[in-house]
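Have a look at the structure below, then the notes.
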Amino acid sequence: MSASAVAATDSHDSLKDLVQEVFDEYITNEMPIRLLHIEKDGQKIKFKIVDRPIVKKHFESVPDMIYAEFSEMMLVDSEDREDREDRIRARVKEELKFAIFSHRWLPDEKEPLYQHMSKDPKDLSGNRGPGWEKLEKFCRTAKEVHGCDFAWSDTCCINKDSSAELDESIRSMFRWYRNSYVCIAFLSQTADFAALKVQEKGERGGKATIDAWFTRGWTLQELLAPLQIKFYGATWKPLIKGSTNDRDEMEIMKKISNLTDIHMNDLQSFKPGTDRVPEKMLWASRRRTTRIEDTAYCLIGIFDISLMIAYGEGNRAFFRLMEEILRRYDKWD
């Protein structure tokens, strides 16, 4: 074999190794710890809870496919490693699709939790209660409308008995929403877009007539983080028909901007960071969380900071959040 042929072989071997490395690292660092694997059996929707190794196994053909694409494009010698790695990562993300759920939790422990999940396909047909019905509608929409075999819901995909897993999930959640293929946002108190258009935020102590989804702390990052978001009303019909990404729909974005005081530019393309702190705190000030500590934890991703999770510390969590922001923010008026 000639020297040039050996060099070409070595370059392609190096590319193959790089693709596999990026693929492995993406699943480990950029995807949720657990996902729901959705299957269809006729008209029935079934799912089971799976962890990252199972997800990796499901997508095991992806590295070879991407390697073949990049080999054909002859990118081995035309780009430096960093640029090539970024392009490979973007392709990996395109293939590793999962839908993510944004919703208001039901009261009185009606939501299905991690402890209720199964590692065998679970049939969601039949009357299991409103929480299960909502989960079934989410999984069906993810599978049938958005073509996702995997999905994530905060109700059942986190083992909250594990403090380490809960800590990782909270600190990674903004990134998981950003890396999702689509965020399915369920507005349970909004029938359709006409109903959304007449909703109003409360002013000067007045009572708001607004879907509760817009008043919760965690849904702020769920609104801003995903690159693609689709809003569904109380009957699980899309608020905007014919749209695959509601960020591109000016009419609904303008209404949400009016309800949240979030500028259109942020609604369409939000970048986390410790800039514009007063403005971002204003967004959060109209929202509430059940746990006091979540007032701070739900803003970790918005400000792109790291914060230890310690439930039980009460208001101290918000003080620690502000201390961390102050270390990085020098533009107070």
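Residue numbering restarts at 1 in every chain; chains get A, B, ... in the order shown in the structure tokens, and ligands count up from 1 in that same order.
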
DSSP strand (DSSP E) selection over segment 104-259 of chain A, as an mmCIF file with C-alpha atoms, in the first residue's frame:
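Resulting contents of result.cif:
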data_model
loop_
_atom_site.group_PDB
_atom_site.id
_atom_site.type_symbol
_atom_site.label_atom_id
_atom_site.label_comp_id
_atom_site.auth_asym_id
_atom_site.auth_seq_id
_atom_site.Cartn_x
_atom_site.Cartn_y
_atom_site.Cartn_z
ATOM 1 C CA LYS A 122 -46.880 -0.191 29.177
ATOM 2 C CA ASP A 123 -50.271 0.077 27.496
ATOM 3 C CA PHE A 150 -38.325 9.018 22.616
ATOM 4 C CA ALA A 151 -39.803 11.585 24.968
ATOM 5 C CA TRP A 152 -39.128 13.140 28.372
ATOM 6 C CA VAL A 182 -39.450 19.758 19.981
ATOM 7 C CA CYS A 183 -40.982 21.008 23.212
ATOM 8 C CA ILE A 184 -44.661 20.130 23.451
ATOM 9 C CA ALA A 185 -46.261 22.833 25.610
ATOM 10 C CA PHE A 186 -49.694 21.906 26.962
ATOM 11 C CA ILE A 229 -41.814 24.675 20.568
ATOM 12 C CA LYS A 230 -45.387 23.715 19.753
ATOM 13 C CA PHE A 231 -48.357 24.858 21.840
ATOM 14 C CA TYR A 232 -51.393 22.632 22.358
#

- Message: Give me the residues near Trp132 of chain A as a count of residues only, where near means some atom within 12 Å (using only C-alpha atoms) and where sequence neighbours in that chain fewer than 2 positions away do not count.
- Response: 30

- Message: Nearest residue to Glu85 of chain A out of A:Glu168, A:Ala142, A:Val62, A:Leu15, using only C-alpha atoms?
- Response: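 Comparing A:Glu168, A:Ala142, A:Val62, A:Leu15 against Glu85 of chain A, the winner is A:Leu15.
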
- Message: Taking only C-alpha atoms into account, name the residue in A:Gln43, A:Thr28, A:Ser306, A:Thr190 that is nearest to Met322 of chain A.
- Response: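 Of A:Gln43, A:Thr28, A:Ser306, A:Thr190, the one nearest Met322 of chain A is A:Ser306, counting only C-alpha atoms.
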
- If you count only C-alpha atoms, which residues fall within 9 Å of segment 119-121 of chain A, apart from same-chain ones fewer than 4 positions away, as a VMD selection string? chain A and resid 37 to 39 46 to 50

Could those selected residues go to a file with C-alpha atoms, as a CSV table (one decimal), in the first residue's frame?
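Saved as part.csv:
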chain,number,residue,atom,x,y,z
A,37,HIS,CA,-39.4,4.9,24.6
A,38,ILE,CA,-42.7,5.1,22.7
A,39,GLU,CA,-44.1,2.3,20.5
A,46,LYS,CA,-47.1,2.0,24.6
A,47,PHE,CA,-44.0,3.2,26.3
A,48,LYS,CA,-41.3,2.0,28.7
A,49,ILE,CA,-38.7,3.9,30.7
A,50,VAL,CA,-35.2,3.5,29.4

- Query: What separation in Å, quoted to one decimal, exists between atom CA of Thr290 of chain A and atom CA of Arg216 of chain A?
  - Reply: 8.8 Å

- Task: Please identify all polymer residues within 9 Å of segment 209-214 of chain A, counting only C-alpha atoms, omitting same-chain residues fewer than 6 positions from it, and present them as a count of residues only.
- Result: 21

- If you run DSSP over the backbone, which residues in segment 147-307 of chain A end up helix (DSSP H, G or I)? Put them as a count of residues only. 69

- Residue neighbourhood Asp294 of chain A, 10 Å, only C-alpha atoms, exclusion window fewer than 3 positions, as a ChimeraX atom specification: /A:170,217-218,288-291,297-300,309,311,314-315,317-318

Restrict the selected residues to N, CA, C and O atoms and save them as a CSV table (one decimal), in the first residue's frame.
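Saved as result34.csv:
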chain,number,residue,atom,x,y,z
A,170,ILE,N,-31.9,18.8,37.6
A,170,ILE,CA,-32.2,20.2,37.7
A,170,ILE,C,-31.1,21.1,37.1
A,170,ILE,O,-31.4,22.1,36.4
A,217,GLY,N,-43.0,29.0,37.8
A,217,GLY,CA,-41.5,29.3,37.7
A,217,GLY,C,-40.8,28.4,36.7
A,217,GLY,O,-40.0,28.9,35.9
A,218,TRP,N,-41.0,27.1,36.7
A,218,TRP,CA,-40.3,26.2,35.8
A,218,TRP,C,-40.6,26.4,34.4
A,218,TRP,O,-39.8,26.1,33.5
A,288,ARG,N,-44.6,31.7,40.2
A,288,ARG,CA,-44.5,31.1,41.5
A,288,ARG,C,-44.1,29.6,41.4
A,288,ARG,O,-44.3,29.0,40.4
A,289,THR,N,-43.5,29.1,42.5
A,289,THR,CA,-43.1,27.7,42.6
A,289,THR,C,-43.7,27.2,43.9
A,289,THR,O,-43.8,27.9,44.8
A,290,THR,N,-44.0,25.9,43.9
A,290,THR,CA,-44.5,25.2,45.1
A,290,THR,C,-43.4,25.2,46.2
A,290,THR,O,-43.7,25.5,47.3
A,291,ARG,N,-42.2,24.8,45.8
A,291,ARG,CA,-41.1,24.7,46.7
A,291,ARG,C,-40.4,26.1,46.7
A,291,ARG,O,-40.1,26.6,45.6
A,297,TYR,N,-33.8,27.7,41.8
A,297,TYR,CA,-33.3,26.6,41.0
A,297,TYR,C,-33.8,26.7,39.6
A,297,TYR,O,-33.2,26.3,38.6
A,298,CYS,N,-35.1,27.2,39.4
A,298,CYS,CA,-35.6,27.3,38.1
A,298,CYS,C,-35.0,28.4,37.2
A,298,CYS,O,-35.3,28.4,36.0
A,299,LEU,N,-34.1,29.2,37.8
A,299,LEU,CA,-33.4,30.2,37.1
A,299,LEU,C,-32.0,29.9,36.7
A,299,LEU,O,-31.3,30.7,36.1
A,300,ILE,N,-31.5,28.8,37.2
A,300,ILE,CA,-30.1,28.4,36.9
A,300,ILE,C,-29.8,28.4,35.4
A,300,ILE,O,-28.8,29.0,35.0
A,309,ILE,N,-27.8,22.0,44.5
A,309,ILE,CA,-29.2,21.8,44.9
A,309,ILE,C,-29.3,21.3,46.3
A,309,ILE,O,-28.6,20.3,46.7
A,311,TYR,N,-32.5,21.1,48.8
A,311,TYR,CA,-33.8,21.3,49.3
A,311,TYR,C,-33.8,21.3,50.8
A,311,TYR,O,-33.2,20.4,51.4
A,314,GLY,N,-34.6,26.6,52.1
A,314,GLY,CA,-35.5,27.7,52.0
A,314,GLY,C,-35.0,28.9,51.2
A,314,GLY,O,-34.4,28.7,50.1
A,315,ASN,N,-35.2,30.1,51.7
A,315,ASN,CA,-34.9,31.3,51.0
A,315,ASN,C,-33.4,31.5,50.7
A,315,ASN,O,-32.9,32.3,49.9
A,317,ALA,N,-31.6,29.6,49.2
A,317,ALA,CA,-31.3,29.2,47.8
A,317,ALA,C,-31.3,30.5,46.9
A,317,ALA,O,-30.4,30.6,46.0
A,318,PHE,N,-32.2,31.4,47.1
A,318,PHE,CA,-32.2,32.6,46.2
A,318,PHE,C,-31.1,33.5,46.6
A,318,PHE,O,-30.5,34.1,45.7

- Query: Taking into account only C-alpha atoms, which residue in the set A:Ala194, A:Cys157, A:Ser71, A:Arg84 is nearest to Arg52 of chain A?
  - Reply: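 Looking only at the distances to Arg52 of chain A, the closest residue turns out to be A:Cys157.
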
- Query: Pick from A:Ala90, A:Leu18, A:Ile100, A:Met308: nearest to Tyr67 of chain A, with only C-alpha atoms counted?
  - Reply: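 When distances to Tyr67 of chain A are compared using only C-alpha atoms, the smallest one comes from A:Leu18.
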
- Task: Rank A:Leu239, A:Ala296, A:Val22, A:Ala234 by their smallest atom-to-atom distance to Glu82 of chain A, using only C-alpha atoms, and report the top residue only.
- Result: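 Between A:Leu239, A:Ala296, A:Val22, A:Ala234, the residue approaching Glu82 of chain A most closely is A:Val22.
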
- Task: Grab the atom CA of Arg247 of chain A to atom CA of Leu227 of chain A distance for me, in Å with one decimal place.
- Result: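 These atoms are spaced 8.1 Å apart.
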
- Message: For a test of reading the model, state the distance in Å between atom CA of Phe193 of chain A and atom CA of Phe174 of chain A, rounded to one decimal.
- Response: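 Result for atom CA of Phe193 of chain A versus atom CA of Phe174 of chain A: 26.6 Å, one decimal.
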
- Residue nearest Glu30 of chain A among A:Arg175, A:Leu166, A:Phe98, A:Ile302 (counting only C-alpha atoms):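 Selected residue with least distance to Glu30 of chain A: A:Arg175.
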